[in-house]
2 protein chains.
Amino acid sequence: MLKNSEFVSKLRNSGLRPTKQRLKICRVLFNRDKTFHFTINDLAKNISENFNEKISLATIYNTVHAFKDKGYLKEITISSDKSYFDTNITKHHHFYDEDTNLLIDCNDNEIGKVNIKNNITGKKISSVEVLVRVASDTQNQN
Amino acid sequence: MLKNSEFVSKLRNSGLRPTKQRLKICRVLFNRDKTFHFTINDLAKNISENFNEKISLATIYNTVHAFKDKGYLKEITISSDKSYFDTNITKHHHFYDEDTNLLIDCNDNEIGKVNIKNNITGKKISSVEVLVRVASDTQNQN
DNA sequence: AATTTATATTATAATCGTTCTAAACTGTTG
DNA sequence: CAACAGTTTAGAACGATTATAATATAAATT
């Protein structure tokens with residue numbers, strides 16, 4: 001629940017000009033109680049439905065990627081044709097419900113720490129991500 | 001290191017006709033000592049470079065997806081624009097080297113069992129996948 | 001506050017990977 | 001070997017994303 005002026009400084013601090021479009025997208029993404037998952041398409045739809053003034057699709061792509069590069073968003077790839085963004089940028093894992101196509105955040109109550117015993121020599125771990133796919137009992141398994 | 005006749009029955013048993021193209025792809029994918037990771041593009045390139053007779057790209061897509069659906073291949077999605085297939089169909093996890101774009105299989109010596117304490121109510125777990133991204137120490141982290 | 005400069009936005013075109021199409025071909029069955 | 005269903009093929013179509021280049025805006029400079 002940030003104020004507009006807070007978004008302005010957040011953007012300035014990361015070298016992004018606080019344009020009308022970026023501030024609007026900030027409000028849509030970060031002016032909330034809870035974090036959430038979205039696709040570019042979800043976001044574009046949300047904006048076009050809830051505001052009279054439209055934002056070009058190219059700008060939406062640019063902004064989401066800029067926010068991701070600055071660490072304000074995380075990208076979660078489910079399959080080659082499904083990419084979600086997450087406003088929760090803390091380390092966490094996900095359930096993916098194959099019935100509803102919904103992502104659900106996990107916390108330490110659901111998935112214990114992943115124990116990495118040996119890393120590749122000379123490399124540093126940049127992230128560890130667990131994806132648990134779930135489906136209703138009656139569903140086909142693979 | 002399977003013989004051609006073994007591929008023929010393997011295909012027949014899963015309801016796939018053993019066509020010339022599918023058998024050639026079987027030989028490229030499964031006539032090896034070690035399992036490996038590949039992209040559709042890798043495979044198409046491999047075939048066009050190493051055989052005089054070409055296979056249509058559509059057939060390569062169809063075949064890889066058919067093999068995946070039959071459980072002879074696993075798909076590993078790294079990011080929205082990178083999808084790999086794995087001829088190792090056992091349960092295992094991966095390191096992804098961001099410097100070289102190479103996938104490396106993990107076994108239990110590298111990553112311990114993932115402890116899923118609570119699943120979503122009414123759902124069954126269809127898969128659990130861990131992806132550990134690594135990069136050289138000097139690389140930018142995110 | 002006007003001017004200059006750098007950066008961002010826009011609509012549209014271009015691109016790329018993948019899937020679709022429909023005609024020709026091949027494997028299988030009787 | 002005839003008939004049929006399944007497969008392959010080249011090329012078209014598609015959809016998501018990125019590039020383009022003109023216009024607009026923000027910031028820096030005067």
# chains A, B, ... in the order shown; residues from 1 in each chain; ligands from 1
>>> interface_residues(of="chain B", to="chain C", cutoff="12 Å", atoms="only C-alpha atoms (C1' of nucleotides)", output="JSON, numbers by chain")
{"B": [12, 16, 17, 18, 19, 20, 21, 39, 40, 41, 57, 58, 59, 60, 61, 62, 65, 80, 81, 82, 83]}
>>> calpha_fit_and_write(fixed="chain A", moving="chain B", output="compact mmCIF listing (two decimals) with C-alpha atoms, in the first residue's frame")
# COMPACT_ATOMS: atom_id res chain seq x y z
CA MET B 1 -0.15 0.00 -0.04
CA LEU B 2 2.41 2.56 -1.15
CA LYS B 3 1.70 6.16 -2.03
CA ASN B 4 2.40 7.58 -5.45
CA SER B 5 5.37 9.57 -4.16
CA GLU B 6 6.87 6.36 -2.81
CA PHE B 7 6.62 4.76 -6.24
CA VAL B 8 8.24 7.85 -7.71
CA SER B 9 11.27 7.54 -5.48
CA LYS B 10 11.41 3.79 -5.84
CA LEU B 11 11.59 4.22 -9.61
CA ARG B 12 14.04 7.13 -9.46
CA ASN B 13 16.29 5.22 -7.10
CA SER B 14 16.60 2.41 -9.59
CA GLY B 15 17.28 4.70 -12.52
CA LEU B 16 13.83 4.48 -14.04
CA ARG B 17 11.99 7.66 -14.85
CA PRO B 18 8.66 7.81 -13.09
CA THR B 19 6.45 8.08 -16.14
CA LYS B 20 2.67 8.04 -16.07
CA GLN B 21 2.65 4.52 -17.49
CA ARG B 22 5.15 3.09 -15.03
CA LEU B 23 3.32 4.65 -12.10
CA LYS B 24 0.03 3.21 -13.27
CA ILE B 25 1.61 -0.23 -13.56
CA CYS B 26 3.14 0.21 -10.10
CA ARG B 27 -0.28 0.93 -8.69
CA VAL B 28 -1.78 -2.13 -10.35
CA LEU B 29 1.04 -4.39 -9.19
CA PHE B 30 2.13 -3.08 -5.83
CA ASN B 31 -0.82 -1.21 -4.34
CA ARG B 32 -2.16 -4.32 -2.69
CA ASP B 33 -2.17 -6.13 0.60
CA LYS B 34 -1.09 -9.45 -0.84
CA THR B 35 1.42 -10.38 -3.49
CA PHE B 36 0.09 -12.18 -6.54
CA HIS B 37 0.98 -13.92 -9.78
CA PHE B 38 0.16 -12.63 -13.24
CA THR B 39 0.96 -13.10 -16.88
CA ILE B 40 1.70 -10.21 -19.24
CA ASN B 41 -1.67 -10.90 -20.78
CA ASP B 42 -3.43 -10.69 -17.42
CA LEU B 43 -1.79 -7.38 -16.75
CA ALA B 44 -2.61 -5.90 -20.14
CA LYS B 45 -6.21 -7.00 -19.76
CA ASN B 46 -6.43 -5.63 -16.23
CA ILE B 47 -5.16 -2.24 -17.38
CA SER B 48 -7.34 -1.98 -20.46
CA GLU B 49 -10.45 -2.97 -18.51
CA ASN B 50 -9.93 -0.81 -15.45
CA PHE B 51 -8.53 2.41 -16.87
CA ASN B 52 -9.80 4.59 -19.67
CA GLU B 53 -6.32 5.53 -20.74
CA LYS B 54 -4.56 2.66 -22.46
CA ILE B 55 -0.92 1.62 -22.25
CA SER B 56 0.76 0.21 -25.33
CA LEU B 57 1.54 -3.49 -25.15
CA ALA B 58 5.19 -2.76 -25.90
CA THR B 59 5.33 -0.53 -22.84
CA ILE B 60 3.79 -3.21 -20.68
CA TYR B 61 6.44 -5.67 -21.83
CA ASN B 62 9.21 -3.12 -21.35
CA THR B 63 8.02 -2.15 -17.91
CA VAL B 64 7.52 -5.66 -16.62
CA HIS B 65 10.98 -6.60 -17.81
CA ALA B 66 12.49 -3.47 -16.36
CA PHE B 67 10.82 -4.21 -13.02
CA LYS B 68 12.06 -7.79 -13.20
CA ASP B 69 15.60 -6.64 -13.98
CA LYS B 70 15.48 -4.26 -11.02
CA GLY B 71 14.31 -7.09 -8.80
CA TYR B 72 10.75 -5.86 -8.19
CA LEU B 73 9.29 -8.92 -9.87
CA LYS B 74 10.29 -12.55 -10.17
CA GLU B 75 9.55 -14.64 -13.24
CA ILE B 76 8.25 -18.19 -12.83
CA THR B 77 8.27 -20.43 -15.87
CA ILE B 78 5.84 -23.31 -15.76
CA SER B 79 6.14 -24.57 -19.31
CA SER B 80 7.37 -23.18 -22.59
CA ASP B 81 4.06 -21.45 -23.14
CA LYS B 82 3.27 -20.24 -19.65
CA SER B 83 5.31 -17.58 -17.94
CA TYR B 84 4.12 -15.92 -14.76
CA PHE B 85 5.43 -12.98 -12.84
CA ASP B 86 5.32 -12.82 -9.08
CA THR B 87 5.17 -9.68 -6.98
CA ASN B 88 6.50 -11.76 -4.08
CA ILE B 89 10.23 -11.36 -4.51
CA THR B 90 11.28 -13.24 -1.39
CA LYS B 91 12.79 -16.71 -1.74
CA HIS B 92 9.95 -19.18 -1.95
CA HIS B 93 8.64 -22.11 -3.91
CA HIS B 94 5.43 -22.86 -5.77
CA PHE B 95 2.62 -25.28 -6.22
CA TYR B 96 1.17 -25.24 -9.69
CA ASP B 97 -2.40 -26.44 -9.97
CA GLU B 98 -2.72 -28.12 -13.34
CA ASP B 99 -6.51 -28.08 -13.14
CA THR B 100 -6.88 -24.35 -12.66
CA ASN B 101 -3.51 -23.15 -14.04
CA LEU B 102 -3.01 -21.27 -10.80
CA LEU B 103 0.28 -20.76 -8.99
CA ILE B 104 0.30 -20.93 -5.21
CA ASP B 105 3.16 -19.72 -3.05
CA CYS B 106 4.79 -22.15 -0.65
CA ASN B 107 6.36 -21.21 2.61
CA ASP B 108 8.51 -23.21 5.00
CA ASN B 109 5.41 -24.87 6.43
CA GLU B 110 4.87 -26.60 3.13
CA ILE B 111 8.30 -27.28 1.69
CA GLY B 112 11.37 -27.81 3.82
CA LYS B 113 14.76 -26.36 2.95
CA VAL B 114 16.27 -27.92 -0.14
CA ASN B 115 19.52 -29.61 0.79
CA ILE B 116 22.11 -29.03 -1.90
CA LYS B 117 24.98 -31.29 -0.95
CA ASN B 118 27.29 -30.67 -3.88
CA ASN B 119 27.36 -27.77 -6.25
CA ILE B 120 29.09 -27.65 -9.62
CA THR B 121 32.77 -26.84 -9.06
CA GLY B 122 33.65 -23.19 -9.57
CA LYS B 123 30.06 -22.05 -9.79
CA LYS B 124 27.89 -20.03 -7.49
CA ILE B 125 24.23 -20.80 -6.90
CA SER B 126 22.07 -17.96 -8.16
CA SER B 127 18.70 -19.50 -7.30
CA VAL B 128 17.00 -22.65 -6.13
CA GLU B 129 13.44 -23.16 -7.22
CA VAL B 130 11.05 -25.96 -6.51
CA LEU B 131 7.90 -26.41 -8.54
CA VAL B 132 5.36 -28.92 -7.28
CA ARG B 133 2.73 -29.71 -9.87
CA VAL B 134 -0.56 -30.86 -8.45
CA ALA B 135 -3.81 -32.03 -10.00
CA SER B 136 -7.06 -33.43 -8.76
CA ASP B 137 -6.96 -37.11 -7.80
CA THR B 138 -9.08 -38.14 -10.77
CA GLN B 139 -6.78 -36.38 -13.23
CA ASN B 140 -4.34 -38.22 -15.50
CA GLN B 141 -0.86 -38.35 -14.12
CA ASN B 142 2.34 -38.24 -16.15
>>> select_by_dssp(residues="chain B", states="strand (DSSP E)", output="number ranges by chain")
B: 37-38, 74-79, 82-86, 93-97, 102-106, 123-136
>>> write_last_selection(atoms="C-alpha atoms", output="tab-separated table (two decimals), in the first residue's frame")
chain	number	residue	atom	x	y	z
B	37	HIS	CA	19.48	-32.87	-22.82
B	38	PHE	CA	18.50	-31.27	-26.10
B	74	LYS	CA	10.82	-35.33	-20.06
B	75	GLU	CA	10.53	-31.64	-20.76
B	76	ILE	CA	12.47	-29.16	-18.64
B	77	THR	CA	11.55	-25.51	-18.89
B	78	ILE	CA	14.26	-23.08	-17.87
B	79	SER	CA	12.70	-19.83	-18.99
B	82	LYS	CA	14.34	-22.12	-23.37
B	83	SER	CA	12.79	-25.54	-23.32
B	84	TYR	CA	14.91	-28.66	-23.08
B	85	PHE	CA	14.06	-32.29	-23.40
B	86	ASP	CA	15.74	-34.95	-21.33
B	93	HIS	CA	16.64	-32.55	-10.49
B	94	HIS	CA	18.82	-30.15	-12.43
B	95	PHE	CA	21.54	-27.60	-12.23
B	96	TYR	CA	21.34	-24.98	-14.92
B	97	ASP	CA	24.60	-23.27	-15.77
B	102	LEU	CA	23.87	-26.24	-20.07
B	103	LEU	CA	21.64	-28.45	-17.96
B	104	ILE	CA	23.27	-30.92	-15.59
B	105	ASP	CA	21.45	-33.79	-13.94
B	106	CYS	CA	21.46	-34.02	-10.16
B	123	LYS	CA	-4.88	-32.64	-4.98
B	124	LYS	CA	-2.33	-35.23	-5.91
B	125	ILE	CA	1.31	-34.39	-6.58
B	126	SER	CA	2.19	-35.13	-10.19
B	127	SER	CA	5.81	-33.99	-10.04
B	128	VAL	CA	8.38	-32.24	-7.91
B	129	GLU	CA	11.15	-30.46	-9.71
B	130	VAL	CA	14.07	-28.52	-8.37
B	131	LEU	CA	16.08	-26.22	-10.60
B	132	VAL	CA	19.30	-24.82	-9.20
B	133	ARG	CA	20.66	-22.00	-11.30
B	134	VAL	CA	24.39	-21.54	-11.06
B	135	ALA	CA	26.81	-19.04	-12.54
B	136	SER	CA	30.48	-18.27	-12.22
>>> interface_residues(of="chain D", to="chain A", cutoff="10 Å", atoms="only C-alpha atoms (C1' of nucleotides)", output="PyMOL selection string")
chain D and resi 16-18+25-27
>>> select_by_dssp(residues="chain A", states="helix (DSSP H, G or I)", output="MDAnalysis selection string")
chainID A and resid 4:13 20:30 40:50 57:69
>>> write_last_selection(atoms="C-alpha atoms", output="mmCIF file, in the first residue's frame")
data_model
loop_
_atom_site.group_PDB
_atom_site.id
_atom_site.type_symbol
_atom_site.label_atom_id
_atom_site.label_comp_id
_atom_site.auth_asym_id
_atom_site.auth_seq_id
_atom_site.Cartn_x
_atom_site.Cartn_y
_atom_site.Cartn_z
ATOM 1 C CA ASN A 4 2.480 7.629 -5.429
ATOM 2 C CA SER A 5 5.477 9.584 -4.152
ATOM 3 C CA GLU A 6 6.990 6.365 -2.849
ATOM 4 C CA PHE A 7 6.706 4.778 -6.270
ATOM 5 C CA VAL A 8 8.318 7.873 -7.743
ATOM 6 C CA SER A 9 11.378 7.549 -5.539
ATOM 7 C CA LYS A 10 11.504 3.797 -5.926
ATOM 8 C CA LEU A 11 11.651 4.223 -9.680
ATOM 9 C CA ARG A 12 14.131 7.111 -9.542
ATOM 10 C CA ASN A 13 16.383 5.167 -7.195
ATOM 11 C CA LYS A 20 2.677 8.047 -16.043
ATOM 12 C CA GLN A 21 2.641 4.528 -17.467
ATOM 13 C CA ARG A 22 5.166 3.096 -15.036
ATOM 14 C CA LEU A 23 3.373 4.653 -12.079
ATOM 15 C CA LYS A 24 0.076 3.230 -13.237
ATOM 16 C CA ILE A 25 1.627 -0.214 -13.534
ATOM 17 C CA CYS A 26 3.189 0.228 -10.087
ATOM 18 C CA ARG A 27 -0.232 0.948 -8.670
ATOM 19 C CA VAL A 28 -1.728 -2.094 -10.315
ATOM 20 C CA LEU A 29 1.078 -4.377 -9.176
ATOM 21 C CA PHE A 30 2.212 -3.075 -5.824
ATOM 22 C CA ILE A 40 1.634 -10.169 -19.261
ATOM 23 C CA ASN A 41 -1.739 -10.843 -20.757
ATOM 24 C CA ASP A 42 -3.480 -10.655 -17.382
ATOM 25 C CA LEU A 43 -1.828 -7.332 -16.705
ATOM 26 C CA ALA A 44 -2.664 -5.852 -20.094
ATOM 27 C CA LYS A 45 -6.275 -6.944 -19.661
ATOM 28 C CA ASN A 46 -6.459 -5.568 -16.137
ATOM 29 C CA ILE A 47 -5.187 -2.188 -17.296
ATOM 30 C CA SER A 48 -7.396 -1.936 -20.354
ATOM 31 C CA GLU A 49 -10.488 -2.923 -18.358
ATOM 32 C CA ASN A 50 -9.932 -0.766 -15.296
ATOM 33 C CA LEU A 57 1.399 -3.447 -25.124
ATOM 34 C CA ALA A 58 5.046 -2.726 -25.929
ATOM 35 C CA THR A 59 5.245 -0.493 -22.882
ATOM 36 C CA ILE A 60 3.729 -3.173 -20.702
ATOM 37 C CA TYR A 61 6.348 -5.647 -21.885
ATOM 38 C CA ASN A 62 9.147 -3.113 -21.423
ATOM 39 C CA THR A 63 7.992 -2.120 -17.969
ATOM 40 C CA VAL A 64 7.491 -5.637 -16.671
ATOM 41 C CA HIS A 65 10.934 -6.598 -17.896
ATOM 42 C CA ALA A 66 12.480 -3.463 -16.432
ATOM 43 C CA PHE A 67 10.808 -4.227 -13.092
ATOM 44 C CA LYS A 68 12.040 -7.793 -13.278
ATOM 45 C CA ASP A 69 15.598 -6.658 -14.062
#
